[in-house]
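K.L.:
If it helps, the file is called run00.txt and holds compact mmCIF, C-alpha atoms and all ligand atoms:
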# COMPACT_ATOMS: atom_id res chain seq x y z
CA MET A 5 -21.90 70.22 27.56
CA SER A 6 -22.59 68.71 24.17
CA LEU A 7 -22.20 64.99 24.13
CA PRO A 8 -21.68 63.56 20.63
CA SER A 9 -24.48 61.34 19.31
CA LEU A 10 -24.30 57.57 19.66
CA ARG A 11 -23.06 57.24 16.10
CA GLU A 12 -20.51 60.03 16.54
CA GLN A 13 -19.18 58.30 19.64
CA PHE A 14 -18.81 55.03 17.71
CA SER A 15 -17.03 56.90 14.88
CA ALA A 16 -14.63 58.67 17.22
CA LEU A 17 -13.72 55.49 19.11
CA ILE A 18 -13.19 53.50 15.89
CA ALA A 19 -11.10 56.33 14.40
CA ALA A 20 -8.75 56.26 17.40
CA PRO A 21 -6.57 53.20 16.71
CA SER A 22 -5.74 51.17 19.84
CA ILE A 23 -4.21 47.95 18.59
CA SER A 24 -2.53 45.80 21.21
CA CYS A 25 -0.27 43.06 19.97
CA THR A 26 2.46 40.80 21.29
CA GLN A 27 4.57 41.91 18.31
CA PRO A 28 6.06 45.25 19.44
CA ALA A 29 6.02 46.66 15.88
CA LEU A 30 2.20 46.50 15.81
CA ASP A 31 1.51 47.45 19.42
CA MET A 32 0.00 50.91 20.08
CA SER A 33 -0.98 53.16 22.94
CA ASN A 34 -4.69 53.14 23.92
CA ARG A 35 -4.51 56.66 25.37
CA ALA A 36 -6.67 58.31 22.70
CA VAL A 37 -9.59 55.95 23.41
CA ILE A 38 -9.24 56.42 27.16
CA ASP A 39 -9.20 60.21 26.75
CA LEU A 40 -12.35 60.19 24.59
CA LEU A 41 -14.23 58.09 27.15
CA ALA A 42 -12.91 60.08 30.10
CA GLY A 43 -13.95 63.33 28.38
CA TRP A 44 -17.52 62.21 27.71
CA LEU A 45 -17.96 60.59 31.11
CA SER A 46 -16.54 63.57 33.03
CA ASP A 47 -19.00 65.80 31.20
CA LEU A 48 -21.76 63.52 32.43
CA GLY A 49 -20.58 63.89 36.02
CA PHE A 50 -18.42 60.79 36.41
CA ALA A 51 -15.26 60.88 38.50
CA CYS A 52 -12.59 59.58 36.15
CA GLU A 53 -9.39 57.94 37.23
CA ILE A 54 -6.80 57.00 34.63
CA GLN A 55 -4.38 54.32 35.74
CA GLN A 56 -1.12 53.84 33.87
CA VAL A 57 -0.39 50.13 33.51
CA SER A 58 2.79 50.45 31.44
CA PRO A 59 4.21 53.20 29.21
CA GLY A 60 1.44 54.23 26.79
CA LYS A 61 -1.11 51.80 28.27
CA PHE A 62 -3.95 52.93 30.53
CA ASN A 63 -7.06 51.71 32.33
CA LEU A 64 -9.98 54.04 32.92
CA LEU A 65 -12.12 53.75 36.05
CA ALA A 66 -15.07 56.11 35.82
CA SER A 67 -17.52 56.17 38.71
CA TYR A 68 -20.91 57.76 39.24
CA GLY A 69 -22.19 57.78 42.79
CA SER A 70 -20.17 56.40 45.65
CA GLY A 71 -20.18 53.85 48.42
CA PRO A 72 -19.95 50.07 48.43
CA GLY A 73 -21.84 47.72 46.09
CA GLY A 74 -23.11 48.86 42.76
CA LEU A 75 -22.52 47.75 39.20
CA VAL A 76 -19.42 47.54 37.03
CA LEU A 77 -19.83 47.72 33.26
CA ALA A 78 -16.52 46.71 31.78
CA GLY A 79 -14.75 46.29 28.51
CA HIS A 80 -11.38 46.54 26.85
CA SER A 81 -10.29 49.63 24.96
CA ASP A 82 -7.85 47.85 22.65
CA THR A 83 -8.42 45.89 19.45
CA VAL A 84 -6.51 43.18 17.63
CA PRO A 85 -4.44 44.15 14.57
CA CYS A 86 -6.25 43.99 11.22
CA ASP A 87 -5.44 42.95 7.64
CA GLU A 88 -6.37 46.22 6.01
CA SER A 89 -6.10 44.77 2.49
CA LEU A 90 -8.82 42.22 3.30
CA TRP A 91 -11.32 44.85 4.48
CA HIS A 92 -13.88 46.27 2.06
CA SER A 93 -13.81 49.63 3.83
CA ASP A 94 -11.34 51.59 5.96
CA PRO A 95 -11.22 49.67 9.28
CA LEU A 96 -10.72 52.95 11.17
CA ARG A 97 -13.76 54.65 9.63
CA LEU A 98 -17.20 53.67 10.87
CA SER A 99 -19.35 52.80 7.87
CA GLU A 100 -22.97 51.72 7.64
CA GLN A 101 -23.40 48.72 5.36
CA GLY A 102 -26.98 47.46 5.11
CA ASP A 103 -28.14 46.52 8.60
CA ARG A 104 -24.71 46.85 10.23
CA TRP A 105 -22.07 49.24 11.41
CA VAL A 106 -18.63 48.15 10.26
CA GLY A 107 -15.25 49.08 11.74
CA LEU A 108 -12.37 47.72 13.79
CA GLY A 109 -13.65 47.41 17.36
CA VAL A 110 -17.40 47.95 16.79
CA CYS A 111 -18.10 44.41 17.97
CA ASP A 112 -14.95 43.58 19.98
CA MET A 113 -15.55 45.86 21.77
CA LYS A 114 -15.11 49.62 21.81
CA GLY A 115 -18.75 49.88 20.67
CA PHE A 116 -19.92 48.70 24.09
CA PHE A 117 -19.05 52.03 25.71
CA PRO A 118 -21.35 54.32 23.68
CA LEU A 119 -24.17 51.84 24.36
CA ILE A 120 -23.54 52.17 28.11
CA ILE A 121 -23.69 55.96 27.77
CA GLU A 122 -26.93 55.72 25.77
CA ALA A 123 -28.45 53.54 28.49
CA LEU A 124 -27.36 55.95 31.19
CA LEU A 125 -28.55 59.26 29.83
CA PRO A 126 -32.19 59.16 30.98
CA LEU A 127 -31.16 57.90 34.44
CA LEU A 128 -28.65 60.58 35.36
CA ASP A 129 -31.13 62.89 37.07
CA GLN A 130 -32.17 60.13 39.49
CA PRO A 131 -30.36 59.50 42.77
CA PHE A 132 -27.81 56.69 42.47
CA ARG A 133 -28.08 54.72 45.71
CA GLN A 134 -25.18 52.51 44.72
CA PRO A 135 -22.37 53.49 42.36
CA LEU A 136 -21.98 52.70 38.68
CA LEU A 137 -18.42 52.04 37.59
CA ILE A 138 -17.44 52.03 33.94
CA LEU A 139 -14.17 50.25 33.41
CA ALA A 140 -12.09 50.38 30.22
CA THR A 141 -8.97 48.23 30.30
CA CYS A 142 -5.86 48.04 28.13
CA ASP A 143 -4.10 45.11 26.47
CA GLU A 144 -6.92 42.56 26.75
CA GLU A 145 -6.05 41.26 23.29
CA SER A 146 -2.40 40.68 24.15
CA SER A 147 -1.24 40.24 27.75
CA MET A 148 -4.39 41.11 29.78
CA ALA A 149 -2.02 43.39 31.68
CA GLY A 150 -4.76 45.96 32.36
CA ALA A 151 -7.11 43.54 34.10
CA ARG A 152 -4.24 41.85 35.91
CA ALA A 153 -3.05 45.22 37.22
CA LEU A 154 -6.53 45.85 38.62
CA ALA A 155 -6.68 42.42 40.22
CA GLU A 156 -3.24 42.95 41.76
CA ALA A 157 -4.24 46.37 43.10
CA GLY A 158 -7.05 44.53 44.88
CA ARG A 159 -9.49 47.42 45.27
CA PRO A 160 -13.10 46.17 45.40
CA LEU A 161 -15.05 47.41 42.38
CA GLY A 162 -18.72 46.57 42.87
CA ARG A 163 -21.28 43.93 43.67
CA ALA A 164 -21.75 42.79 40.08
CA ALA A 165 -19.79 43.15 36.86
CA VAL A 166 -20.86 42.71 33.25
CA ILE A 167 -18.22 42.52 30.54
CA GLY A 168 -19.62 43.47 27.14
CA GLU A 169 -17.58 41.07 25.00
CA PRO A 170 -19.38 39.79 21.91
CA THR A 171 -21.79 37.07 23.07
CA GLY A 172 -24.78 37.83 20.84
CA LEU A 173 -26.63 39.17 23.91
CA ARG A 174 -26.54 35.79 25.64
CA PRO A 175 -25.21 35.62 29.19
CA ILE A 176 -21.98 33.67 29.59
CA ARG A 177 -20.93 32.35 33.00
CA LEU A 178 -18.14 29.93 32.09
CA HIS A 179 -15.08 29.78 29.93
CA LYS A 180 -11.95 27.71 29.85
CA GLY A 181 -8.55 29.05 30.79
CA VAL A 182 -5.84 29.76 28.24
CA MET A 183 -2.23 28.78 28.86
CA MET A 184 0.54 29.03 26.28
CA GLU A 185 3.76 27.35 27.36
CA ARG A 186 7.23 26.57 26.12
CA ILE A 187 9.75 23.86 26.87
CA ASP A 188 13.41 24.29 25.89
CA ILE A 189 15.81 21.34 25.91
CA LEU A 190 19.54 21.84 25.79
CA GLY A 191 21.57 18.71 25.04
CA GLN A 192 24.90 18.36 23.33
CA SER A 193 25.47 18.16 19.57
CA GLY A 194 27.97 15.70 18.04
CA HIS A 195 28.68 13.48 15.05
CA SER A 196 25.79 11.15 14.39
CA SER A 197 28.13 8.20 13.79
CA ASP A 198 28.92 7.98 17.51
CA PRO A 199 25.99 8.50 19.89
CA THR A 200 28.36 8.79 22.87
CA LEU A 201 29.60 12.13 21.47
CA GLY A 202 26.38 13.99 22.25
CA ARG A 203 23.09 14.04 24.13
CA SER A 204 20.09 14.33 21.86
CA ALA A 205 17.65 17.09 22.74
CA LEU A 206 15.26 15.69 20.14
CA GLU A 207 15.10 12.26 21.74
CA ALA A 208 14.56 13.87 25.14
CA MET A 209 11.76 15.94 23.58
CA GLN A 210 10.12 12.81 22.27
CA ASP A 211 9.86 11.57 25.85
CA VAL A 212 8.63 14.99 26.99
CA MET A 213 5.85 14.91 24.41
CA GLY A 214 4.93 11.41 25.55
CA GLU A 215 4.59 12.67 29.13
CA LEU A 216 2.52 15.67 28.03
CA LEU A 217 0.14 13.45 26.08
CA GLY A 218 -0.03 11.15 29.10
CA LEU A 219 -0.97 14.08 31.33
CA ARG A 220 -3.54 15.17 28.75
CA ALA A 221 -5.15 11.73 28.81
CA GLN A 222 -5.15 11.77 32.61
CA TRP A 223 -6.71 15.26 32.83
CA GLN A 224 -9.29 14.34 30.22
CA ARG A 225 -10.27 11.32 32.32
CA GLU A 226 -10.41 13.37 35.51
CA PHE A 227 -12.12 16.55 34.26
CA SER A 228 -15.13 17.02 32.06
CA ASN A 229 -17.86 19.65 31.90
CA PRO A 230 -20.83 19.10 29.61
CA GLN A 231 -21.52 22.88 29.50
CA PHE A 232 -18.70 23.19 26.96
CA GLY A 233 -18.81 22.28 23.28
CA VAL A 234 -15.51 20.49 23.89
CA PRO A 235 -16.24 19.09 27.36
CA GLN A 236 -12.66 18.10 28.22
CA PRO A 237 -9.57 20.21 28.88
CA THR A 238 -7.34 20.31 25.79
CA LEU A 239 -3.60 20.32 25.24
CA ASN A 240 -2.24 21.05 21.77
CA LEU A 241 1.38 20.52 20.76
CA GLY A 242 1.53 23.58 18.53
CA CYS A 243 5.07 23.87 17.22
CA ILE A 244 8.49 22.31 17.56
CA HIS A 245 11.92 23.48 16.50
CA GLY A 246 15.08 21.43 16.85
CA GLY A 247 18.25 20.30 15.18
CA ASP A 248 19.66 21.22 11.78
CA ASN A 249 21.12 18.21 9.94
CA PRO A 250 20.52 14.46 9.81
CA ASN A 251 24.16 13.64 10.60
CA ARG A 252 24.35 15.80 13.72
CA ILE A 253 23.06 14.83 17.12
CA CYS A 254 20.38 17.39 17.93
CA GLY A 255 21.73 19.80 20.56
CA GLN A 256 18.67 21.99 21.08
CA CYS A 257 14.94 21.54 20.79
CA ALA A 258 12.01 23.77 21.71
CA LEU A 259 8.32 22.94 21.95
CA GLU A 260 5.38 25.33 22.34
CA PHE A 261 1.97 24.08 23.42
CA ASP A 262 -1.41 25.43 24.40
CA LEU A 263 -3.42 24.16 27.33
CA ARG A 264 -7.09 25.01 27.97
CA PRO A 265 -8.11 24.04 31.51
CA LEU A 266 -11.70 23.77 32.67
CA PRO A 267 -13.08 25.78 35.61
CA GLY A 268 -11.84 24.05 38.74
CA MET A 269 -8.39 23.31 37.28
CA ASP A 270 -5.67 25.53 38.74
CA PRO A 271 -3.05 26.57 36.15
CA GLU A 272 -0.32 26.51 38.80
CA LEU A 273 -1.12 22.91 39.77
CA LEU A 274 -1.07 21.88 36.10
CA ARG A 275 2.35 23.47 35.70
CA ALA A 276 3.61 21.72 38.82
CA ALA A 277 2.42 18.37 37.38
CA ILE A 278 4.27 19.07 34.12
CA ARG A 279 7.41 20.11 35.96
CA GLY A 280 7.27 16.90 37.97
CA LYS A 281 7.40 14.87 34.74
CA LEU A 282 10.29 16.89 33.27
CA GLN A 283 12.79 16.46 36.09
CA PRO A 284 13.28 12.68 35.71
CA LEU A 285 13.61 13.09 31.93
CA ALA A 286 16.35 15.68 32.32
CA LEU A 287 18.27 13.20 34.51
CA LYS A 288 17.62 10.26 32.20
CA HIS A 289 18.78 12.08 29.06
CA GLU A 290 21.43 14.21 30.79
CA VAL A 291 19.98 17.37 29.26
CA ARG A 292 18.81 20.67 30.63
CA ILE A 293 15.05 21.27 30.43
CA ASP A 294 13.60 24.74 30.93
CA TYR A 295 9.86 25.20 31.16
CA GLY A 296 7.75 28.33 31.49
CA PRO A 297 4.75 30.25 30.17
CA LEU A 298 4.93 32.31 26.97
CA PHE A 299 2.29 34.61 28.49
CA PRO A 300 0.69 34.75 31.93
CA ALA A 301 -2.21 32.30 32.00
CA VAL A 302 -5.80 33.45 31.62
CA PRO A 303 -7.49 31.50 34.42
CA PRO A 304 -10.65 29.51 33.72
CA PHE A 305 -13.88 31.25 34.74
CA GLU A 306 -17.12 30.08 36.27
CA GLU A 307 -19.85 32.05 37.99
CA ALA A 308 -22.33 29.92 39.91
CA ALA A 309 -25.66 29.38 38.15
CA ASP A 310 -27.70 30.55 41.15
CA ARG A 311 -26.10 33.99 41.57
CA GLU A 312 -28.31 37.06 41.55
CA LEU A 313 -26.55 38.48 38.48
CA VAL A 314 -26.83 35.24 36.52
CA ARG A 315 -30.53 34.87 37.36
CA LEU A 316 -31.23 38.51 36.54
CA ALA A 317 -29.41 38.39 33.20
CA GLU A 318 -31.19 35.17 32.27
CA HIS A 319 -34.52 36.76 33.14
CA LEU A 320 -33.78 39.96 31.19
CA THR A 321 -32.40 38.24 28.07
CA GLY A 322 -34.60 35.15 28.04
CA HIS A 323 -31.51 32.93 27.62
CA THR A 324 -29.91 30.46 30.02
CA ALA A 325 -26.33 31.38 30.84
CA GLN A 326 -23.85 29.32 28.83
CA ALA A 327 -20.17 28.61 28.26
CA VAL A 328 -17.90 30.02 25.55
CA ALA A 329 -14.64 28.84 24.04
CA PHE A 330 -12.70 32.11 24.40
CA GLY A 331 -10.96 33.64 27.42
CA THR A 332 -11.96 36.99 28.95
CA GLU A 333 -11.07 39.34 31.78
CA ALA A 334 -13.91 37.86 33.87
CA PRO A 335 -11.71 35.85 36.27
CA TYR A 336 -9.85 39.04 37.25
CA LEU A 337 -13.04 40.97 38.07
CA GLN A 338 -14.30 37.93 39.96
CA GLN A 339 -11.09 37.96 42.03
CA LEU A 340 -12.05 41.49 43.10
CA GLY A 341 -15.28 40.20 44.60
CA CYS A 342 -17.71 40.97 41.76
CA GLU A 343 -20.35 38.50 40.64
CA THR A 344 -19.28 38.47 37.01
CA LEU A 345 -20.92 37.72 33.70
CA VAL A 346 -19.91 38.18 30.07
CA LEU A 347 -22.76 39.64 28.03
CA GLY A 348 -22.48 41.92 25.04
CA PRO A 349 -24.13 42.83 21.74
CA GLY A 350 -21.60 41.71 19.12
CA ASP A 351 -21.17 38.35 17.43
CA ILE A 352 -17.94 36.51 18.18
CA ASP A 353 -17.91 35.05 14.66
CA CYS A 354 -17.05 38.43 13.17
CA ALA A 355 -14.58 39.48 15.86
CA HIS A 356 -10.90 39.45 14.88
CA GLN A 357 -12.05 39.30 11.22
CA PRO A 358 -12.05 41.71 8.26
CA ASP A 359 -15.28 43.76 8.05
CA GLU A 360 -15.99 43.39 11.78
CA TYR A 361 -19.57 44.55 12.35
CA LEU A 362 -22.31 45.24 14.84
CA GLN A 363 -25.86 44.54 13.72
CA LEU A 364 -27.98 47.65 14.15
CA ASP A 365 -30.90 45.68 15.57
CA ARG A 366 -28.70 44.80 18.58
CA ILE A 367 -28.43 48.42 19.67
CA GLU A 368 -31.90 48.90 21.12
CA PRO A 369 -32.07 45.64 23.12
CA THR A 370 -28.57 46.23 24.47
CA VAL A 371 -29.40 49.74 25.63
CA ALA A 372 -32.62 48.47 27.24
CA LEU A 373 -30.77 45.63 28.96
CA LEU A 374 -28.02 47.88 30.31
CA ARG A 375 -30.59 50.36 31.54
CA GLN A 376 -32.40 47.62 33.47
CA LEU A 377 -29.13 46.40 34.98
CA ILE A 378 -28.22 49.93 36.09
CA GLN A 379 -31.69 50.42 37.55
CA HIS A 380 -31.47 47.14 39.43
CA TYR A 381 -28.02 47.62 40.91
CA CYS A 382 -27.72 51.40 41.27
CA LEU A 383 -31.17 52.98 41.53
CA THR A 384 -33.33 50.46 43.36
CA ARG A 385 -33.18 50.71 47.14
CA SER A 386 -31.14 47.82 48.48
CA GLU A 387 -34.05 46.99 50.85
CA ASP A 388 -36.28 46.61 47.80
CA VAL A 389 -33.79 44.18 46.29
CA GLN A 390 -33.64 42.14 49.45
CA ARG A 391 -37.41 41.91 49.69
CA ARG A 392 -37.70 40.32 46.23
ZN ZN T 401 -12.74 41.29 23.16
Let me see the file written as structure tokens.
P.N.:
Amino acid sequence: MSLPSLREQFSALIAAPSISCTQPALDMSNRAVIDLLAGWLSDLGFACEIQQVSPGKFNLLASYGSGPGGLVLAGHSDTVPCDESLWHSDPLRLSEQGDRWVGLGVCDMKGFFPLIIEALLPLLDQPFRQPLLILATCDEESSMAGARALAEAGRPLGRAAVIGEPTGLRPIRLHKGVMMERIDILGQSGHSSDPTLGRSALEAMQDVMGELLGLRAQWQREFSNPQFGVPQPTLNLGCIHGGDNPNRICGQCALEFDLRPLPGMDPELLRAAIRGKLQPLALKHEVRIDYGPLFPAVPPFEEAADRELVRLAEHLTGHTAQAVAFGTEAPYLQQLGCETLVLGPGDIDCAHQPDEYLQLDRIEPTVALLRQLIQHYCLTRSEDVQRR
């Protein structure tokens, strides 16, 4: 067995493109990344299971040791698309620039996996009392289909899960949900000189927007969480398309909006509230109103501040667990019974940007942190843990 070096692993993962995108022309398979990880981890003695989520899209579940409990170290194997012309180096070639490694996915977040392997290596000859599961998902950057497939399968994964998204090595225990929704109104076009000839979709949409802003005001009065930079839930009317000419009654109008609920707000209940406002407007304007999500919602996420994993991560990093403004796969792992935290080495500011980087001085502390987590959850006798 000859495992590639840390840097060679980074290079190989970056060189295997795994873009996931809602635009089919840009979307790619993540199989090459999954195969690299499965190859290295099998050589180290992991049992590797590759789960097909959809054609060309795969999750990897690699486990070391068996039994209940244990630790899950998780990340996504895909990246966002990149504007190659804006990069100063080839995004698919790992390059060292000053104090950083640069490449598409070094920070968000293929680079997390080699760091897990680095943390593991000196521990492999010790008995694992509880299993370590390394999870690599697909399509986190587009539909979250990989994590949703796991949540739907419902198989328990471990006692605690850490997702290595870029958080600058600070533990994150809350984020808002992400909902992207669309409302379509179908009225009847007609000559503008006689309003009785048609039913204006645009005027109905004006009322719809009024109701949405009313709901927003209500939710912002009812819900607030000072842990967040923007403490209230948000609702943004993002784009509208309707009508074609001033002298025609507008027959069709579509609105897309984004809604970011706080932990404790159930996306389904929010949708039901919106639907309840739309029905009377459809009757009033005699139009048809269709409403649905553009993508499945990412639920909001909160792990309680007093959980063992939260306390341990705060102790090991020296930082109090905080909230972030982006959505992650955390709610899906939490649904599977894991205490869940988001904690990884990259900086979110450079994710999804040209010249995405990982600072080299993050490598050592990340490896040390992961090693301590593995020791705590997989190597320490559970009686020892209880006695603490
Ligand atoms: Zn990510």
K.L.:
Point out the residue among A:Met32, A:Leu96, A:Ala51, A:Leu337 with the least atom-to-atom distance to Ala157 of chain A, counting only C-alpha atoms.
P.N.:
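With only C-alpha atoms as the atom set, the closest residue is A:Leu337.
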K.L.:
Find the distance between atom CA of Leu340 of chain A and atom CA of Gly158 of chain A and write it in Å to one decimal.
P.N.:
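A separation of 6.1 Å between them.
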K.L.:
Identify, on the basis of all atoms listed in the file, every residue whose closest approach to Ile38 of chain A does not exceed 12 Å; exclude the query and any residue fewer than 5 positions from it along the same chain; express the result as an MDAnalysis selection string.
P.N.:
chainID A and resid 16:17 20:22 33 43:46 52:56 60:66 79:82 114 117 138:142
K.L.:
Considering all atoms listed in the file, can you say which of A:Ile120, A:Ile23, A:Leu48, A:Leu201 comes closest to ligand ZN 401 (chain T)?
P.N.:
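Between A:Ile120, A:Ile23, A:Leu48, A:Leu201, the residue approaching ligand ZN 401 (chain T) most closely is A:Ile23.
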K.L.:
So that I can see what lies close to Gly246 of chain A, please list as a list in words the residues with an atom at most 7 Å from it, counting only C-alpha atoms and leaving out residues fewer than 5 positions away in the same chain.
P.N.:
Leu206, Cys254, Gln256, Cys257 and Ala258 of chain A
K.L.:
Could you save those same residues with C-alpha atoms as a CSV table (one decimal), in the coordinates of the input?
P.N.:
chain,number,residue,atom,x,y,z
A,206,LEU,CA,15.3,15.7,20.1
A,254,CYS,CA,20.4,17.4,17.9
A,256,GLN,CA,18.7,22.0,21.1
A,257,CYS,CA,14.9,21.5,20.8
A,258,ALA,CA,12.0,23.8,21.7
K.L.:
Show me which residues are within 6 Å of ligand ZN 401 (chain T) counting only C-alpha atoms and all ligand atoms, and format the list as a list in words.
P.N.:
Asp112, Met113 and Glu169 of chain A
